[in-house]
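Novice: Below you'll find coords-v3.cif; it's mmCIF, C-alpha atoms.
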data_run
loop_
_atom_site.label_atom_id
_atom_site.label_comp_id
_atom_site.auth_asym_id
_atom_site.auth_seq_id
_atom_site.Cartn_x
_atom_site.Cartn_y
_atom_site.Cartn_z
CA MET A 1 87.30 128.40 80.30
CA ARG A 2 83.59 127.70 79.98
CA TYR A 3 83.55 124.09 81.17
CA VAL A 4 85.68 122.99 84.09
CA SER A 5 86.22 119.71 85.88
CA ARG A 6 88.56 118.24 88.44
CA ILE A 7 89.94 114.73 88.40
CA ALA A 8 92.30 113.04 90.86
CA VAL A 9 94.39 110.21 89.44
CA GLY A 10 96.79 108.75 92.00
CA PRO A 11 98.64 111.66 93.61
CA VAL A 12 97.86 114.09 90.78
CA GLN A 13 94.94 116.50 91.04
CA PHE A 14 94.00 117.81 87.58
CA ARG A 15 92.00 120.90 86.78
CA ILE A 16 90.59 120.63 83.28
CA GLY A 17 89.12 123.56 81.45
CA SER A 18 87.54 123.39 78.01
CA ASP A 19 85.86 125.67 75.50
CA TRP A 20 83.45 122.81 74.73
CA ARG A 21 81.14 120.73 76.88
CA GLU A 22 81.74 117.39 75.12
CA PRO A 23 85.31 116.54 76.21
CA VAL A 24 84.59 117.48 79.83
CA ALA A 25 81.36 115.45 79.82
CA ALA A 26 83.24 112.45 78.39
CA LEU A 27 85.94 112.77 81.06
CA ASP A 28 83.36 113.14 83.83
CA ARG A 29 81.77 109.89 82.69
CA LEU A 30 85.09 107.98 82.56
CA TYR A 31 86.19 109.34 85.94
CA ALA A 32 82.80 109.31 87.73
CA ALA A 33 83.93 106.71 90.27
CA TYR A 34 87.21 108.47 91.14
CA PRO A 35 87.42 110.37 94.43
CA ARG A 36 86.72 114.04 93.90
CA ASP A 37 87.83 116.89 96.11
CA ASP A 38 87.17 120.22 94.46
CA ALA A 39 88.74 122.13 97.34
CA ARG A 40 92.16 120.56 96.86
CA PRO A 41 94.53 122.76 94.87
CA ALA A 42 95.31 121.48 91.38
CA ASP A 43 98.74 120.01 90.67
CA ALA A 44 98.30 120.21 86.92
CA THR A 45 96.13 122.39 84.75
CA VAL A 46 94.89 121.23 81.36
CA ARG A 47 93.27 123.51 78.82
CA LEU A 48 91.37 122.49 75.71
CA PHE A 49 90.78 125.55 73.65
CA ALA A 50 89.83 126.87 70.24
CA ALA A 51 92.57 128.72 68.38
CA ARG A 52 90.11 131.47 67.37
CA PRO A 53 86.76 132.21 69.04
CA TRP A 54 84.71 131.22 65.98
CA ARG A 55 86.48 127.86 65.80
CA ARG A 56 84.41 126.79 68.78
CA TRP A 57 81.63 126.23 66.24
CA LEU A 58 83.14 126.30 62.77
CA ARG A 59 85.15 123.13 62.08
CA PRO A 60 85.90 123.02 65.79
CA SER A 61 89.40 121.81 66.55
CA VAL A 62 90.83 121.26 69.99
CA HIS A 63 94.20 122.72 70.94
CA ILE A 64 95.76 121.45 74.10
CA GLY A 65 97.56 123.55 76.65
CA GLY A 66 98.10 124.12 80.33
CA ASP A 67 101.09 124.70 82.56
CA PHE A 68 103.28 123.22 79.83
CA VAL A 69 102.76 123.41 76.09
CA VAL A 70 104.22 121.66 73.10
CA PRO A 71 104.45 124.40 70.49
CA ASP A 72 103.98 122.24 67.38
CA ALA A 73 101.28 119.89 68.72
CA LEU A 74 98.56 119.60 66.09
CA PRO A 75 95.00 120.27 67.17
CA LEU A 76 92.48 117.43 67.03
CA PRO A 77 88.93 117.61 65.67
CA LEU A 78 86.24 117.99 68.34
CA PRO A 79 84.96 114.37 68.09
CA MET A 80 88.44 113.39 69.34
CA GLY A 81 88.20 115.85 72.23
CA LEU A 82 88.45 113.03 74.75
CA LEU A 83 91.74 111.91 73.22
CA ALA A 84 92.95 115.53 73.28
CA ALA A 85 92.06 115.71 76.98
CA GLU A 86 93.90 112.48 77.73
CA MET A 87 96.97 113.61 75.77
CA ALA A 88 96.92 116.94 77.57
CA MET A 89 96.69 115.26 80.98
CA ASN A 90 99.62 112.96 80.12
CA LEU A 91 101.64 115.89 78.85
CA GLN A 92 101.18 117.95 82.01
CA VAL A 93 102.26 115.02 84.18
CA ALA A 94 105.16 114.03 81.92
CA LEU A 95 106.58 117.54 81.81
CA GLY A 96 105.57 118.96 85.14
CA TRP A 97 105.62 116.30 87.83
CA ARG A 98 108.56 116.51 90.24
CA ARG A 99 107.53 114.68 93.41
CA HIS A 100 108.28 111.22 92.05
CA LEU A 101 110.43 109.64 89.40
CA LEU A 102 108.04 109.21 86.52
CA LEU A 103 108.43 106.08 84.38
CA HIS A 104 106.65 105.58 81.09
CA ALA A 105 105.58 102.13 82.21
CA SER A 106 102.48 100.17 83.11
CA SER A 107 102.18 98.43 86.46
CA VAL A 108 100.04 95.98 88.38
CA THR A 109 100.27 94.76 91.94
CA LYS A 110 99.56 91.68 93.99
CA ASP A 111 100.05 91.25 97.76
CA GLY A 112 101.80 94.62 98.07
CA ASP A 113 104.42 93.83 95.38
CA ALA A 114 104.54 95.60 92.03
CA LEU A 115 105.24 94.39 88.51
CA ILE A 116 106.48 97.24 86.33
CA MET A 117 106.44 96.91 82.52
CA SER A 118 108.28 99.42 80.40
CA GLY A 119 108.25 99.62 76.63
CA GLU A 120 107.57 101.72 73.59
CA SER A 121 104.11 102.21 72.20
CA GLY A 122 103.14 98.88 70.61
CA SER A 123 105.16 96.77 73.06
CA GLY A 124 101.91 95.55 74.61
CA LYS A 125 102.62 96.90 78.10
CA SER A 126 99.26 98.60 78.25
CA THR A 127 97.27 95.57 77.02
CA LEU A 128 99.10 93.20 79.38
CA ALA A 129 98.41 95.49 82.33
CA ALA A 130 94.74 95.83 81.35
CA LEU A 131 94.30 92.05 81.02
CA LEU A 132 96.15 91.31 84.27
CA GLY A 133 94.03 93.98 85.96
CA GLU A 134 90.93 91.99 84.99
CA GLY A 135 92.33 88.92 86.76
CA ASP A 136 93.72 88.63 90.28
CA TRP A 137 95.98 91.68 90.00
CA ARG A 138 95.23 95.28 90.85
CA LEU A 139 95.89 97.66 87.97
CA MET A 140 98.20 100.52 89.01
CA GLY A 141 98.43 102.19 85.63
CA ASP A 142 98.71 101.52 81.91
CA GLU A 143 100.92 104.49 81.02
CA PHE A 144 102.84 105.94 83.97
CA THR A 145 104.30 104.48 87.13
CA LEU A 146 105.63 106.79 89.83
CA ILE A 147 108.61 105.85 92.00
CA ASP A 148 108.95 107.48 95.41
CA PRO A 149 112.52 108.79 95.57
CA ALA A 150 112.62 108.53 99.37
CA GLY A 151 111.50 104.94 99.95
CA GLY A 152 111.61 103.36 96.49
CA ASP A 153 107.92 102.36 96.46
CA ALA A 154 105.87 102.36 93.26
CA LEU A 155 102.76 104.55 93.22
CA ALA A 156 99.74 104.07 91.03
CA PHE A 157 98.50 106.39 88.33
CA PRO A 158 95.37 104.48 87.25
CA ARG A 159 93.97 106.78 84.60
CA ALA A 160 91.40 105.28 82.24
CA VAL A 161 93.25 102.65 80.19
CA SER A 162 93.81 103.67 76.60
CA LEU A 163 93.08 100.55 74.55
CA LYS A 164 94.34 100.68 70.99
CA ASN A 165 93.44 98.80 67.83
CA GLN A 166 93.41 94.97 68.34
CA ALA A 167 93.48 95.35 72.13
CA ILE A 168 90.02 96.92 72.05
CA ALA A 169 88.19 93.72 71.02
CA GLU A 170 90.42 91.57 73.22
CA VAL A 171 89.56 93.51 76.37
CA ALA A 172 85.99 94.45 75.42
CA ALA A 173 85.12 90.74 75.26
CA ARG A 174 85.95 90.39 78.96
CA VAL A 175 84.44 93.46 80.58
CA ASP A 176 81.05 95.03 81.20
CA ALA A 177 80.28 97.46 78.36
CA ALA A 178 79.52 100.13 80.98
CA ARG A 179 83.26 100.29 81.71
CA LEU A 180 84.14 101.26 78.12
CA GLY A 181 84.26 104.77 76.72
CA PRO A 182 83.22 105.74 73.20
CA LEU A 183 85.12 104.18 70.27
CA LEU A 184 87.36 106.83 68.70
CA THR A 185 88.22 105.80 65.16
CA GLY A 186 90.88 107.16 62.84
CA THR A 187 92.88 109.01 65.49
CA PRO A 188 96.60 109.66 64.93
CA LYS A 189 97.17 106.50 67.05
CA GLY A 190 94.57 104.39 65.21
CA ASP A 191 91.37 103.30 66.97
CA ILE A 192 91.15 104.09 70.66
CA ARG A 193 88.69 103.11 73.34
CA HIS A 194 89.07 103.85 77.03
CA LEU A 195 88.54 101.30 79.77
CA ILE A 196 87.50 102.44 83.25
CA PRO A 197 89.71 100.53 85.72
CA ARG A 198 88.02 98.12 88.10
CA ALA A 199 86.57 99.62 91.29
CA ASP A 200 89.29 98.02 93.46
CA ALA A 201 92.02 99.70 91.38
CA ILE A 202 90.41 103.10 91.89
CA ALA A 203 89.68 102.55 95.60
CA ALA A 204 93.28 101.48 96.33
CA MET A 205 95.03 103.98 94.07
CA HIS A 206 96.86 105.64 96.98
CA GLU A 207 98.31 102.36 98.28
CA PRO A 208 101.99 102.05 97.33
CA ALA A 209 103.55 98.75 96.27
CA ARG A 210 107.11 97.44 96.48
CA PRO A 211 108.74 96.91 93.06
CA ALA A 212 109.36 93.16 92.73
CA LEU A 213 109.80 92.59 88.98
CA LEU A 214 110.76 94.76 86.01
CA LEU A 215 109.76 93.58 82.55
CA PHE A 216 110.52 95.03 79.14
CA PRO A 217 107.89 93.42 76.89
CA ARG A 218 108.10 93.19 73.11
CA PHE A 219 104.97 92.10 71.28
CA GLY A 220 105.48 89.91 68.21
CA GLY A 221 108.03 87.25 67.35
CA GLU A 222 109.09 84.07 69.08
CA THR A 223 108.55 83.54 72.78
CA ALA A 224 111.71 84.52 74.64
CA ILE A 225 112.91 85.51 78.09
CA GLU A 226 116.18 87.41 78.41
CA PRO A 227 117.57 88.28 81.82
CA MET A 228 118.67 91.91 81.85
CA GLY A 229 121.63 93.31 83.76
CA GLU A 230 121.32 96.26 86.13
CA GLY A 231 123.20 98.56 83.76
CA GLU A 232 120.94 97.90 80.78
CA ALA A 233 117.79 98.23 82.89
CA PHE A 234 119.14 101.55 84.21
CA VAL A 235 119.79 102.87 80.70
CA ARG A 236 116.37 101.79 79.44
CA LEU A 237 114.58 103.33 82.41
CA THR A 238 116.42 106.66 82.09
CA GLU A 239 115.08 106.69 78.53
CA ALA A 240 111.60 105.73 79.75
CA SER A 241 111.52 108.46 82.37
CA THR A 242 110.18 111.86 81.43
CA ASN A 243 111.61 113.65 84.49
CA TYR A 244 114.84 111.77 85.27
CA VAL A 245 117.02 114.74 84.30
CA ALA A 246 114.83 117.25 86.14
CA LEU A 247 115.03 115.29 89.40
CA GLY A 248 118.84 115.42 89.46
CA GLU A 249 120.53 113.27 92.08
CA ALA A 250 117.21 112.16 93.61
CA GLY A 251 116.28 110.56 90.27
CA PHE A 252 119.72 108.97 89.95
CA ALA A 253 119.47 107.50 93.44
CA ALA A 254 115.91 106.24 92.91
CA LEU A 255 116.78 104.56 89.63
CA THR A 256 120.02 102.92 90.78
CA ARG A 257 118.15 101.53 93.77
CA LEU A 258 115.27 100.28 91.63
CA VAL A 259 117.48 98.35 89.20
CA ARG A 260 119.63 96.93 92.01
CA GLU A 261 116.73 95.67 94.07
CA THR A 262 114.46 94.47 91.26
CA PRO A 263 115.13 91.56 88.89
CA ALA A 264 114.67 92.59 85.24
CA PHE A 265 113.90 90.66 82.05
CA GLY A 266 113.16 91.37 78.44
CA ILE A 267 110.28 89.24 77.15
CA SER A 268 109.04 88.59 73.62
CA TYR A 269 105.64 87.04 73.00
CA PRO A 270 103.47 86.37 69.96
CA ASP A 271 100.08 86.85 71.64
CA SER A 272 98.58 88.11 74.89
CA ALA A 273 97.94 84.65 76.36
CA THR A 274 101.63 83.77 75.98
CA GLY A 275 102.63 87.17 77.38
CA ILE A 276 100.50 86.63 80.47
CA ALA A 277 101.89 83.11 80.96
CA LEU A 278 105.46 84.52 80.83
CA VAL A 279 104.55 87.23 83.33
CA GLU A 280 103.02 84.74 85.76
CA GLN A 281 106.03 82.42 85.45
CA LEU A 282 108.59 85.18 86.09
CA TRP A 283 106.44 86.61 88.89
CA ALA A 284 106.33 83.23 90.64
CA GLU A 285 110.13 82.98 90.39
CA ALA A 286 110.70 86.54 91.59
CA THR A 287 108.37 86.46 94.58
CA THR A 288 109.02 83.05 96.10
CA MET B 1 150.58 111.36 72.35
CA THR B 2 151.60 113.96 74.92
CA ASP B 3 151.43 112.67 78.42
CA ARG B 4 149.15 115.27 79.96
CA ALA B 5 148.53 115.41 83.67
CA TYR B 6 144.99 115.37 84.99
CA ARG B 7 143.37 115.93 88.33
CA ALA B 8 140.43 113.91 89.65
CA ALA B 9 137.14 115.60 90.53
CA PRO B 10 137.06 117.10 94.04
CA THR B 11 135.84 114.82 96.82
CA GLY B 12 132.06 114.63 96.84
CA ALA B 13 131.63 115.89 93.28
CA LEU B 14 130.85 112.46 91.85
CA ARG B 15 128.44 109.81 93.00
CA ILE B 16 129.62 106.49 91.62
CA GLU B 17 127.31 103.46 91.57
CA PRO B 18 128.45 100.14 90.06
CA LEU B 19 125.57 98.47 88.17
CA GLY B 20 126.88 95.11 87.06
CA GLU B 21 129.12 95.58 84.02
CA LEU B 22 128.32 99.28 83.82
CA THR B 23 129.10 101.97 86.31
CA ALA B 24 126.77 104.95 86.60
CA ILE B 25 128.39 108.21 87.64
CA PHE B 26 126.35 111.23 88.68
CA ASP B 27 128.30 114.48 88.45
CA ARG B 28 126.84 116.81 91.09
CA ARG B 29 128.42 119.85 89.40
CA SER B 30 126.88 119.36 85.94
CA MET B 31 123.91 117.22 87.12
CA GLN B 32 124.82 114.83 84.30
CA THR B 33 124.76 111.04 84.43
CA HIS B 34 127.62 109.17 82.75
CA LEU B 35 127.72 105.45 82.07
CA VAL B 36 131.16 103.97 81.85
CA VAL B 37 132.81 100.56 81.71
CA ALA B 38 136.12 99.22 83.00
CA PRO B 39 138.78 100.50 83.28
CA LEU B 40 137.35 104.01 83.73
CA PRO B 41 135.93 103.52 87.27
CA GLU B 42 139.19 101.86 88.36
CA MET B 43 141.19 104.75 86.91
CA LEU B 44 139.08 107.32 88.75
CA ALA B 45 139.49 105.38 91.98
CA MET B 46 143.28 105.32 91.62
CA MET B 47 143.93 108.93 90.72
CA GLY B 48 144.02 110.25 94.27
CA GLU B 49 144.12 113.97 94.90
CA GLU B 50 147.36 114.98 93.21
CA ALA B 51 147.88 115.58 89.50
CA CYS B 52 148.45 112.34 87.68
CA ASP B 53 149.67 111.55 84.17
CA ALA B 54 149.16 108.42 82.08
CA ALA B 55 152.54 106.92 82.97
CA LEU B 56 151.94 107.26 86.73
CA LEU B 57 148.37 105.98 86.51
CA ALA B 58 149.41 103.05 84.28
CA LYS B 59 151.99 102.08 86.88
CA ARG B 60 149.40 102.17 89.66
CA LEU B 61 146.97 100.07 87.63
CA GLU B 62 149.66 97.53 86.78
CA THR B 63 150.55 97.25 90.47
CA ALA B 64 146.93 96.84 91.57
CA PHE B 65 145.66 94.53 88.82
CA ASP B 66 147.14 91.67 86.89
CA LEU B 67 146.82 93.27 83.46
CA GLY B 68 148.58 90.42 81.67
CA ASP B 69 149.59 91.07 78.09
CA THR B 70 147.52 94.15 77.34
CA GLY B 71 150.09 95.95 75.20
CA ASP B 72 150.98 99.55 75.76
CA VAL B 73 149.14 100.30 79.01
CA ARG B 74 150.40 103.88 79.16
CA ALA B 75 148.99 104.73 75.72
CA LEU B 76 145.68 103.09 76.58
CA VAL B 77 145.45 104.97 79.86
CA ALA B 78 146.29 108.25 78.09
CA GLU B 79 143.38 107.69 75.69
CA ARG B 80 140.95 106.83 78.49
CA LEU B 81 142.10 109.88 80.49
CA ALA B 82 141.28 112.07 77.50
CA GLU B 83 137.79 110.47 77.39
CA LEU B 84 137.28 111.15 81.08
CA ALA B 85 138.34 114.76 80.49
CA ASP B 86 135.82 115.07 77.62
CA MET B 87 133.10 113.93 80.02
CA GLY B 88 134.28 116.46 82.59
CA LEU B 89 135.06 113.73 85.13
CA VAL B 90 138.76 114.70 85.31
CA ALA B 91 140.37 118.04 84.50
CA ALA B 92 143.70 118.93 82.95
CA ALA B 93 146.07 119.79 85.80
#
Here is a file; write its structure as structure tokens.

Specialist:
Amino acid sequence: MRYVSRIAVGPVQFRIGSDWREPVAALDRLYAAYPRDDARPADATVRLFAARPWRRWLRPSVHIGGDFVVPDALPLPLPMGLLAAEMAMNLQVALGWRRHLLLHASSVTKDGDALIMSGESGSGKSTLAALLGEGDWRLMGDEFTLIDPAGGDALAFPRAVSLKNQAIAEVAARVDAARLGPLLTGTPKGDIRHLIPRADAIAAMHEPARPALLLFPRFGGETAIEPMGEGEAFVRLTEASTNYVALGEAGFAALTRLVRETPAFGISYPDSATGIALVEQLWAEATT
Amino acid sequence: MTDRAYRAAPTGALRIEPLGELTAIFDRRSMQTHLVVAPLPEMLAMMGEEACDAALLAKRLETAFDLGDTGDVRALVAERLAELADMGLVAAA
């Protein structure tokens, strides 16, 4: 690989190699404030490469690869190289990580306790976490939350937040423009713009937090709060985990413990302000 | 329905965790997770180590729980035993 970088996000050390300078330069800018230790061995390797040598220049399109590959993943055009890099990093963690139970969930923390929000793309979990992380919460991650199988703690994975579509304007209005990446329009996921987490979220990314509240948000529709039983939360989180099966009994034990010890609710909300009000209300009830 | 006899999984093969209305069962042999509802966990708990058919298990359940007017308990237990066997949680004796 011609261009190489290293990025540490939470416990994961990435080695990123690319045939082009642009995606690596874009990543280096987003992750400039993250701790960097080039001597530490990489946990995950990401490769951004051209399918044929001449495709580095001629209609350049970025294939993603690394320790794990998805055979039918479509390449992205070079201007979306940053998105390709982010997708590749997510993929390597989702498929390869074994040290923790990996939940497809956002999380934020306050006073050592964690709020974990799990939902499909479009549920608003990422936007809620980003907005809370601009207030008096510390952002732990907008995409993945790691659960320590031994002690049950939640660990942060505060990659650059991937803001999509309407969330871009909503968050951009509240933050310094220097914390925003380039606007990527017309991607397979719509418009995307990355947000660099606040300095406190990056500085404290190795500090674990105790899960205190599990929410399953659903954006759109009437405001509603539905208490969720342990069994349903367990089922939903097995579906939201990319490595539950691979972890075997350790994953089973971590997940049964998480749903037993953590109150869970489904919430529906028509807009972000209502969503945040519901979160704060349930948080107050769960932590007092 | 033939009243087949089944044997419970060997001690230590299953990790059973009640989660409210559901019970999660981790099978250490297949590494699979099964989610079941009553009366399956109760049936597993009452099978003991010897081979057990639906009639015997129905009798044990009726003794342990007030089943009220639930109809043909033996037939119901036979069906549930077949389900447990499909999941690999009990085996034909």

Novice: On this file, the PyMOL selection byres ((chain A and resi 158) around 9) gives some set of residues; write that set as a PyMOL selection string.

Specialist: chain A and resi 9-10+139-145+156-157+159-161+197+201-202+205

Novice: Should the cut-off be 6 Å, what would the residue list for chain A against chain B look like, counting only C-alpha atoms, as a VMD selection string?

Specialist: chain A and resid 230 to 231 248

Novice: To test your reading of the syntax: which residues would the PyMOL selection byres ((chain A and resi 274) around 12) return for the file shown? Reply as a list in words.

Specialist: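 After applying the PyMOL selection byres ((chain A and resi 274) around 12), what remains is Gly124, Leu128, Pro217, Arg218, Phe219, Gly220, Gly221, Glu222, Thr223, Ala224, Ile225, Ile267, Ser268, Tyr269, Pro270, Asp271, Ser272, Ala273, Gly275, Ile276, Ala277, Leu278, Val279, Glu280 and Gln281 of chain A.
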
Novice: If you count all atoms listed in the file, which residues fall within 7 Å of Ile147 (chain A), apart from same-chain ones fewer than 3 positions away, as JSON, numbers by chain?

Specialist: {"A": [100, 101, 102, 152, 153, 154, 155]}

Novice: Check what the PyMOL selection byres ((chain B and resi 47-51) around 10) selects in the file above and give those residues as a PyMOL selection string.

Specialist: chain B and resi 4-11+42-46+52-53+56-57+60-61+90-93

Novice: For region 83-94 of chain A, please output as an MDAnalysis selection string all residues within 7 Å (counting only C-alpha atoms; exclusion window: fewer than 3 positions along the same chain).

Specialist: chainID A and resid 23 44 46 48 62 64:65 67:68 76 80 97 242:243

Novice: Could you check the closest approach to Ala82 (chain B) for each of B:Ile16, B:Ala54, B:Asp69, B:Arg29 and tell me which residue wins, using all atoms listed in the file?

Specialist: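 For Ala82 (chain B), the nearest of the given residues is B:Ala54.
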
Novice: Quick check, in Å to one decimal: how far apart do CA of Ala105 (chain A) and CA of Lys189 (chain A) lie?

Specialist: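 Those two atoms sit 17.9 Å apart.
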
Novice: Just to confirm, what's the straight-line distance from CA of Val108 (chain A) to CA of Ala42 (chain A) in Å (one decimal)?

Specialist: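 Spanning CA of Val108 (chain A) to CA of Ala42 (chain A) is a straight-line distance of 26.1 Å.
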
Novice: Would you list the contacts of Ala58 (chain B) as number ranges by chain, taking every protein, DNA or RNA residue within 9 Å and counting only C-alpha atoms, but skipping same-chain residues closer than 4 positions in sequence?

Specialist: B: 43, 53-54, 62-63, 73-78

Novice: What's the separation between CA of Pro227 (chain A) and CA of Ile116 (chain A), in Å to one decimal place?

Specialist: 15.0 Å
